[in-house]
Structure formats: C-alpha cells, structure tokens
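Worksheet for the structure shown next.
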Number of protein chains: 2
Amino acid sequence: MPTLAQPWPIVRQRTALIIVDMQRVFCEPDGALYVPSTDAVVAPIQALADACRAQSMPVIYLRHVLRGDGRDSGRMRDLYPDVDSVLARDNPQVNIIDALTPKAGDVVVDKLFYSGFHNTDLDTVLRAHDVDTLIVCGTVTNVCCDTTIRDAVHREYKVIVVSDANAAMPYPDLGFGAVSAAEVQKVALTTFAYEFGEVTASADLLPRIRQAF
Amino acid sequence: MPTLAQPWPIVRQRTALIIVDMQRVFCEPDGALYVPSTDAVVAPIQALADACRAQSMPVIYLRHVLRGDGRDSGRMRDLYPDVDSVLARDNPQVNIIDALTPKAGDVVVDKLFYSGFHNTDLDTVLRAHDVDTLIVCGTVTNVCCDTTIRDAVHREYKVIVVSDANAAMPYPDLGFGAVSAAEVQKVALTTFAYEFGEVTASADLLPRIRQAF
C-alpha cells in the first residue's frame, strides 16, 4: 500500500523544522481562537526545536498575522468575521507563546493565510539554506499544518509530520455530524502518511535528529 | 460559529464548474487507482455540468497526467512507485470516463500533482474569464479536490463544494486506525465548511445555477 518505503533520512545540512502558528491566540485559554489540544504539543515542540538547534538545523516559526485593516484577510474573513482584529499585527495575541519563544538564529515567517508558502519568503529561505526536508509541527493539524504540508510537497520538499506535535481541534455538527479532535487527527495523519510523506512520533524522530550527520 | 453567513451568489458571468480527476484510472473498476465511491458522483456531476453549460458557465475538467518518464512525478512517486505508468499521458486510463466526456466548449486542464493550480494554466483561464466563484466536484475529496480547493481559496476564489458530488476513499490502518470513506468525507466536508467556503448539496445548488442571472 502507498506509504513511504523508507523513513526520510535526516541530513543536518538539508533539514529544517517548521513550527506552525504556536501563537497566543491559538494556544492560550483566553485566546480568541484557542485550540485546547495545543497544550499537549508544547513539550514535544520544545524538544524538537532544541534538538534541531543543537544540530544547527534551521528552526522556522510561522505566524498568522494580518495588517488589521481588512486589506489582506482575503477569504478567511468570510468565515471568521473578526479575523482582522484577532490576527492584527498590533494585537499581542499574534506573538509566539512564551514557552516557545524563538531563540537567536531562529527564523520567523509571517503569513497571511493558512499556508506558510502563500505569498511569503518561506520557499526563498529554505532554498537559500539548500533545505530539501521539512519536519512539521504546530497547530492546527488539518488547516494551517495541512495546507503548508500540501504546498511543501508540491514544491518537492520531503515532509516529516510529527504525529504527537501537531494539534487538531474539534468541530460542531455542520450537517455531517460533529467531529472530535481525535477524529480529525486520525483522518489528517492517515491522509498525510498515504498521500504526502512520512508521519512519525517524536520518540522515533528525536534520536534520528540527534544522530543526523 | 465560523461558517459562511450567506451562500455564495451564483453569477453566470463569474462562476465556473471544476470537475476534478474523473478519469478512468480512478473511476473504472479495472483502474489501477479505482475509488469505488466515484460511481455515486457521476450522475450528480453530469447534472451540474449540464446545468452550467445551459447557462454558458465554463465547465473545466482537471486530469492528473504525467510525462511517464519520471521527470515530473515529483514527490508522488515516493508513495505511488508505479505512478509514472499509471498516470502516463499515453495510458488511455488517464482519459475522462465516457459518461462525462467533455463537450464542445469545455476546458481540460492537465495537472502534474494533486492541485489543479500547481504549475498549470488554470488560474490564467479563470482570470481570463473573470471568474471569481468555483463549484468543485470530482475525486478524491480529501486529496485532489481538497488541495485544489485550498489553493483556490488562497487565490481569493469563492468556493462551493458539492457534498454529494465529491467522492472519498477509505484508508487502511497506518498506525492511527482504519478510516472509512464516510469518515474521510465527514471530516473533509466539515473542514471545508468551517475553514474554506460553502458546502452544499446538488439539490440546493442546481436550482441556484438554473436561476443564475
């Protein structure tokens, strides 16, 4: 069946960590778009980031940030009418949470929409570092992580999705039945593994990063 | 909750139908990548296409087609090692099924990967026709339809996903539990409705197309 024949090799000079949208707005209980399951991915993401920094692999944060004046919120505003204030660049809620504050040498890429590649310099940064393999973690699994993963694979990047370091959210019944966060996670991770790249857990990946050559 | 406040208006001059990958390889029982639930979407897609043609709205078919020599199969070959033969341009299986054969005036866009926008002329064709609204149907819901929908919404198109005209496939247990086609469909349609645009059924949409001004 179509899953990857071998795990992707972790080559220090060619691998980067992408941390998607671990912003206060999504990760703190008083955030306007709080995703409760982000709590569980903070520690795994810290471990991944520390392991990558120790190997001099780029650690790249994505942030979803808008002008705030309605000029660049695009189609997202159809569904989130308050997005121009909630994700405004002058709203402190768009900052990365304290537990994952970027360190010297890390890269922050601000994006307008769900994909980290859409109208950003992410692809340029990755090519400039000769990166061909991306480790993806963050929130939410099936929206910003998923859209970034699909765009990465279409751009020929080898993608490794970390199963315990991507957080999903539940959905109410929109006519098709209520969906739990666990159900979203199961379908999204299965789709990644079958159609897009490698999916593995931190416990498998961390030693591979530490042993990377 | 974040769903669309109003259904998208169907404006004849600004709306196109996108039919994703209704090719023999995916839709016929002897196809190498047969998706059984495609059987159920053929009649709804025929009805949508006929209604759009009657209103002179563009009917645009996507086909997943490769050179066949391995030069352009990209990351898909990691997961589908036989993709260069299965989707080769000289393999008759890449043709649209007889029941949905394109008619005079329809447009066929060949694509290399899951997204209809990735390195194709789809965006150019749509802009040349001043289209800003897309009705999306075809197969499979969570891969080629989904990736095309995400790319469309990022390009500012208003997207209407037809719930009974997109076909999903089941997945085996890849470490997260087996996933039925119904479960994939539920999660994908819910995600579209909450995060990307409008989701509705043919029974609602066909009269809106026929009454479009």
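Residue numbering restarts at 1 in every chain; chains get A, B, ... in the order shown in the structure tokens, and ligands count up from 1 in that same order.
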
Neighbours of range 180-186 of chain A within 7 Å (only C-alpha atoms; same-chain residues fewer than 2 positions away dropped), as a list in words?
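These residues fall inside the cut-off: Thr141, Ala168, Met169, Pro170, Tyr171, Ala178, Ala188, Leu189 and Thr190 of chain A; Phe176 and Val187 of chain B.
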
Output as a JSON list (two decimals) with N, CA, C and O atoms, in the first residue's frame the set of chain B residues within 9 Å of chain A, with distances taken over only C-alpha atoms.
[["chain", "number", "residue", "atom", "x", "y", "z"],
["B", 1, "MET", "N", -20.75, 30.48, 15.04],
["B", 1, "MET", "CA", -19.57, 29.68, 14.67],
["B", 1, "MET", "C", -19.18, 29.99, 13.23],
["B", 1, "MET", "O", -20.03, 30.42, 12.45],
["B", 2, "PRO", "N", -17.91, 29.81, 12.90],
["B", 2, "PRO", "CA", -17.45, 30.27, 11.60],
["B", 2, "PRO", "C", -17.89, 29.43, 10.41],
["B", 2, "PRO", "O", -17.14, 28.64, 9.89],
["B", 3, "THR", "N", -19.11, 29.62, 10.00],
["B", 3, "THR", "CA", -19.48, 29.15, 8.66],
["B", 3, "THR", "C", -19.95, 30.37, 7.89],
["B", 3, "THR", "O", -20.19, 31.43, 8.47],
["B", 4, "LEU", "N", -20.08, 30.21, 6.59],
["B", 4, "LEU", "CA", -20.45, 31.32, 5.73],
["B", 4, "LEU", "C", -21.81, 31.90, 6.15],
["B", 4, "LEU", "O", -22.77, 31.16, 6.35],
["B", 5, "ALA", "N", -21.89, 33.23, 6.24],
["B", 5, "ALA", "CA", -23.13, 33.87, 6.67],
["B", 5, "ALA", "C", -24.24, 33.67, 5.64],
["B", 5, "ALA", "O", -25.40, 33.45, 5.98],
["B", 74, "GLY", "N", 7.53, 13.89, -9.33],
["B", 74, "GLY", "CA", 7.79, 14.54, -8.06],
["B", 74, "GLY", "C", 7.62, 13.62, -6.86],
["B", 74, "GLY", "O", 7.91, 12.44, -6.90],
["B", 75, "ARG", "N", 7.15, 14.21, -5.79],
["B", 75, "ARG", "CA", 7.05, 13.50, -4.51],
["B", 75, "ARG", "C", 5.96, 12.43, -4.54],
["B", 75, "ARG", "O", 5.92, 11.59, -3.66],
["B", 76, "MET", "N", 5.07, 12.46, -5.51],
["B", 76, "MET", "CA", 4.02, 11.45, -5.53],
["B", 76, "MET", "C", 4.59, 10.05, -5.71],
["B", 76, "MET", "O", 4.06, 9.07, -5.20],
["B", 78, "ASP", "N", 7.16, 8.81, -4.42],
["B", 78, "ASP", "CA", 7.60, 8.23, -3.14],
["B", 78, "ASP", "C", 6.53, 7.29, -2.58],
["B", 78, "ASP", "O", 6.84, 6.31, -1.91],
["B", 79, "LEU", "N", 5.28, 7.66, -2.83],
["B", 79, "LEU", "CA", 4.16, 6.94, -2.22],
["B", 79, "LEU", "C", 3.48, 6.00, -3.21],
["B", 79, "LEU", "O", 2.88, 5.01, -2.81],
["B", 80, "TYR", "N", 3.55, 6.35, -4.48],
["B", 80, "TYR", "CA", 2.95, 5.53, -5.54],
["B", 80, "TYR", "C", 4.06, 5.20, -6.54],
["B", 80, "TYR", "O", 4.20, 5.91, -7.54],
["B", 81, "PRO", "N", 4.83, 4.17, -6.29],
["B", 81, "PRO", "CA", 6.02, 3.90, -7.14],
["B", 81, "PRO", "C", 5.68, 3.67, -8.62],
["B", 81, "PRO", "O", 6.54, 3.86, -9.47],
["B", 113, "PHE", "N", 0.10, 17.12, -10.32],
["B", 113, "PHE", "CA", 0.05, 16.65, -8.94],
["B", 113, "PHE", "C", -1.38, 16.82, -8.45],
["B", 113, "PHE", "O", -2.30, 16.90, -9.25],
["B", 114, "TYR", "N", -1.59, 16.88, -7.17],
["B", 114, "TYR", "CA", -2.95, 16.90, -6.66],
["B", 114, "TYR", "C", -3.68, 18.22, -6.98],
["B", 114, "TYR", "O", -4.86, 18.21, -7.30],
["B", 115, "SER", "N", -2.98, 19.35, -6.84],
["B", 115, "SER", "CA", -3.64, 20.64, -7.03],
["B", 115, "SER", "C", -3.84, 20.99, -8.50],
["B", 115, "SER", "O", -2.92, 20.88, -9.30],
["B", 118, "HIS", "N", -1.33, 23.99, -9.38],
["B", 118, "HIS", "CA", 0.13, 23.87, -9.32],
["B", 118, "HIS", "C", 0.74, 23.72, -10.71],
["B", 118, "HIS", "O", 0.57, 22.67, -11.36],
["B", 142, "ASN", "N", -10.57, 14.37, -0.30],
["B", 142, "ASN", "CA", -9.57, 14.88, 0.65],
["B", 142, "ASN", "C", -8.17, 15.04, 0.06],
["B", 142, "ASN", "O", -7.26, 15.44, 0.78],
["B", 143, "VAL", "N", -8.01, 14.71, -1.22],
["B", 143, "VAL", "CA", -6.67, 14.84, -1.81],
["B", 143, "VAL", "C", -6.72, 15.85, -2.96],
["B", 143, "VAL", "O", -6.43, 17.04, -2.78],
["B", 147, "THR", "N", -6.92, 19.73, -2.12],
["B", 147, "THR", "CA", -5.74, 20.55, -2.41],
["B", 147, "THR", "C", -6.10, 21.65, -3.40],
["B", 147, "THR", "O", -5.64, 22.80, -3.27],
["B", 150, "ARG", "N", -8.11, 24.31, -1.45],
["B", 150, "ARG", "CA", -7.24, 25.16, -0.61],
["B", 150, "ARG", "C", -6.50, 26.18, -1.47],
["B", 150, "ARG", "O", -6.40, 27.36, -1.12],
["B", 151, "ASP", "N", -5.97, 25.71, -2.60],
["B", 151, "ASP", "CA", -5.25, 26.64, -3.48],
["B", 151, "ASP", "C", -6.19, 27.70, -4.04],
["B", 151, "ASP", "O", -5.80, 28.87, -4.19],
["B", 153, "VAL", "N", -8.96, 28.95, -2.65],
["B", 153, "VAL", "CA", -9.34, 29.92, -1.62],
["B", 153, "VAL", "C", -8.16, 30.85, -1.32],
["B", 153, "VAL", "O", -8.35, 32.05, -1.11],
["B", 154, "HIS", "N", -6.93, 30.31, -1.34],
["B", 154, "HIS", "CA", -5.76, 31.17, -1.15],
["B", 154, "HIS", "C", -5.61, 32.18, -2.28],
["B", 154, "HIS", "O", -4.99, 33.23, -2.10],
["B", 155, "ARG", "N", -6.15, 31.86, -3.45],
["B", 155, "ARG", "CA", -6.11, 32.79, -4.60],
["B", 155, "ARG", "C", -7.36, 33.66, -4.66],
["B", 155, "ARG", "O", -7.66, 34.25, -5.69],
["B", 156, "GLU", "N", -8.12, 33.69, -3.58],
["B", 156, "GLU", "CA", -9.28, 34.59, -3.41],
["B", 156, "GLU", "C", -10.54, 34.12, -4.12],
["B", 156, "GLU", "O", -11.53, 34.86, -4.17],
["B", 157, "TYR", "N", -10.55, 32.90, -4.67],
["B", 157, "TYR", "CA", -11.80, 32.41, -5.25],
["B", 157, "TYR", "C", -12.79, 32.04, -4.15],
["B", 157, "TYR", "O", -12.41, 31.51, -3.10],
["B", 158, "LYS", "N", -14.07, 32.33, -4.40],
["B", 158, "LYS", "CA", -15.16, 31.83, -3.56],
["B", 158, "LYS", "C", -15.47, 30.40, -4.02],
["B", 158, "LYS", "O", -15.72, 30.19, -5.21],
["B", 171, "TYR", "N", -9.13, 4.34, 3.91],
["B", 171, "TYR", "CA", -7.71, 4.07, 4.12],
["B", 171, "TYR", "C", -7.53, 2.92, 5.11],
["B", 171, "TYR", "O", -8.30, 2.80, 6.07],
["B", 172, "PRO", "N", -6.49, 2.12, 4.92],
["B", 172, "PRO", "CA", -6.18, 1.07, 5.89],
["B", 172, "PRO", "C", -5.59, 1.71, 7.16],
["B", 172, "PRO", "O", -5.34, 2.92, 7.20],
["B", 173, "ASP", "N", -5.37, 0.90, 8.16],
["B", 173, "ASP", "CA", -4.79, 1.38, 9.42],
["B", 173, "ASP", "C", -3.29, 1.63, 9.21],
["B", 173, "ASP", "O", -2.51, 0.70, 9.03],
["B", 174, "LEU", "N", -2.90, 2.88, 9.23],
["B", 174, "LEU", "CA", -1.49, 3.24, 9.05],
["B", 174, "LEU", "C", -0.86, 3.61, 10.39],
["B", 174, "LEU", "O", 0.15, 4.32, 10.43],
["B", 175, "GLY", "N", -1.49, 3.15, 11.46],
["B", 175, "GLY", "CA", -0.97, 3.43, 12.79],
["B", 175, "GLY", "C", -1.91, 4.29, 13.61],
["B", 175, "GLY", "O", -1.68, 4.52, 14.81],
["B", 176, "PHE", "N", -2.99, 4.74, 12.96],
["B", 176, "PHE", "CA", -3.93, 5.64, 13.63],
["B", 176, "PHE", "C", -5.35, 5.08, 13.61],
["B", 176, "PHE", "O", -6.29, 5.77, 13.99],
["B", 177, "GLY", "N", -5.51, 3.84, 13.14],
["B", 177, "GLY", "CA", -6.82, 3.23, 13.00],
["B", 177, "GLY", "C", -7.30, 3.31, 11.56],
["B", 177, "GLY", "O", -6.99, 4.27, 10.84],
["B", 178, "ALA", "N", -8.03, 2.30, 11.10],
["B", 178, "ALA", "CA", -8.58, 2.31, 9.74],
["B", 178, "ALA", "C", -9.59, 3.45, 9.62],
["B", 178, "ALA", "O", -10.22, 3.85, 10.60],
["B", 179, "VAL", "N", -9.70, 3.99, 8.42],
["B", 179, "VAL", "CA", -10.58, 5.14, 8.18],
["B", 179, "VAL", "C", -11.52, 4.78, 7.03],
["B", 179, "VAL", "O", -11.05, 4.41, 5.94],
["B", 183, "GLU", "N", -16.01, 8.43, 6.85],
["B", 183, "GLU", "CA", -15.34, 9.22, 7.88],
["B", 183, "GLU", "C", -14.47, 10.31, 7.22],
["B", 183, "GLU", "O", -14.45, 11.46, 7.67],
["B", 184, "VAL", "N", -13.76, 9.93, 6.17],
["B", 184, "VAL", "CA", -12.97, 10.93, 5.43],
["B", 184, "VAL", "C", -13.89, 12.04, 4.92],
["B", 184, "VAL", "O", -13.60, 13.23, 5.07],
["B", 185, "GLN", "N", -15.01, 11.64, 4.32],
["B", 185, "GLN", "CA", -15.93, 12.61, 3.74],
["B", 185, "GLN", "C", -16.46, 13.56, 4.82],
["B", 185, "GLN", "O", -16.51, 14.78, 4.61],
["B", 186, "LYS", "N", -16.81, 13.02, 5.97],
["B", 186, "LYS", "CA", -17.34, 13.85, 7.06],
["B", 186, "LYS", "C", -16.32, 14.89, 7.52],
["B", 186, "LYS", "O", -16.64, 16.07, 7.67],
["B", 187, "VAL", "N", -15.09, 14.44, 7.75],
["B", 187, "VAL", "CA", -14.05, 15.36, 8.24],
["B", 187, "VAL", "C", -13.71, 16.39, 7.16],
["B", 187, "VAL", "O", -13.57, 17.59, 7.45],
["B", 188, "ALA", "N", -13.60, 15.95, 5.92],
["B", 188, "ALA", "CA", -13.22, 16.88, 4.84],
["B", 188, "ALA", "C", -14.31, 17.92, 4.61],
["B", 188, "ALA", "O", -14.02, 19.12, 4.52],
["B", 189, "LEU", "N", -15.57, 17.50, 4.51],
["B", 189, "LEU", "CA", -16.65, 18.46, 4.25],
["B", 189, "LEU", "C", -16.81, 19.43, 5.42],
["B", 189, "LEU", "O", -17.04, 20.63, 5.22],
["B", 190, "THR", "N", -16.65, 18.92, 6.65],
["B", 190, "THR", "CA", -16.75, 19.80, 7.82],
["B", 190, "THR", "C", -15.62, 20.83, 7.80],
["B", 190, "THR", "O", -15.85, 22.02, 8.07],
["B", 191, "THR", "N", -14.42, 20.39, 7.48],
["B", 191, "THR", "CA", -13.28, 21.32, 7.41],
["B", 191, "THR", "C", -13.51, 22.37, 6.33],
["B", 191, "THR", "O", -13.27, 23.56, 6.54],
["B", 193, "ALA", "N", -16.37, 23.50, 5.22],
["B", 193, "ALA", "CA", -17.46, 24.40, 5.62],
["B", 193, "ALA", "C", -17.02, 25.36, 6.72],
["B", 193, "ALA", "O", -17.49, 26.49, 6.79],
["B", 194, "TYR", "N", -16.11, 24.91, 7.59],
["B", 194, "TYR", "CA", -15.70, 25.74, 8.72],
["B", 194, "TYR", "C", -14.56, 26.66, 8.34],
["B", 194, "TYR", "O", -14.43, 27.76, 8.89],
["B", 195, "GLU", "N", -13.70, 26.24, 7.45],
["B", 195, "GLU", "CA", -12.44, 26.94, 7.22],
["B", 195, "GLU", "C", -12.27, 27.53, 5.82],
["B", 195, "GLU", "O", -11.39, 28.37, 5.62],
["B", 196, "PHE", "N", -13.02, 27.05, 4.84],
["B", 196, "PHE", "CA", -12.69, 27.41, 3.45],
["B", 196, "PHE", "C", -13.82, 28.04, 2.64],
["B", 196, "PHE", "O", -13.56, 28.89, 1.79],
["B", 197, "GLY", "N", -15.06, 27.63, 2.81],
["B", 197, "GLY", "CA", -16.10, 28.22, 1.97],
["B", 197, "GLY", "C", -17.45, 27.57, 2.18],
["B", 197, "GLY", "O", -17.77, 27.15, 3.28]]

Nearest residue to Asp164 in chain B from the set B:Val65, B:Leu134, B:Ala128, B:Val41 (distances using only C-alpha atoms)
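Looking only at the distances to Asp164 in chain B, the closest residue turns out to be B:Val41.
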
Mind checking which residues fall within 10 Å of Asp21 in chain B, counting only C-alpha atoms, ignoring those fewer than 5 positions away in the same chain, and posting them as an MDAnalysis selection string?
chainID B and resid 26:27 61:65 94:97 110:111 114 116 137:140 144:145

Pick out the residues sitting within 10 Å of Ala104 in chain B, and hand them over as a count of residues only; count only C-alpha atoms, and ignore anything fewer than 3 positions along from it in its own chain.
3

Secondary structure check, helix (DSSP H, G or I) residues of range 41-132 of chain A, as number ranges by chain:
A: 41-54, 76-79, 83-86, 92-94, 98-100, 122-128

Please indicate the distance in Å from CA of Gly105 in chain A to CA of Gln46 in chain A, rounded to one decimal place.
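Between CA of Gly105 in chain A and CA of Gln46 in chain A the gap is 15.5 Å.
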
Strand (DSSP E) call set, DSSP backbone run, range 133-183 of chain A, as a count of residues only
17
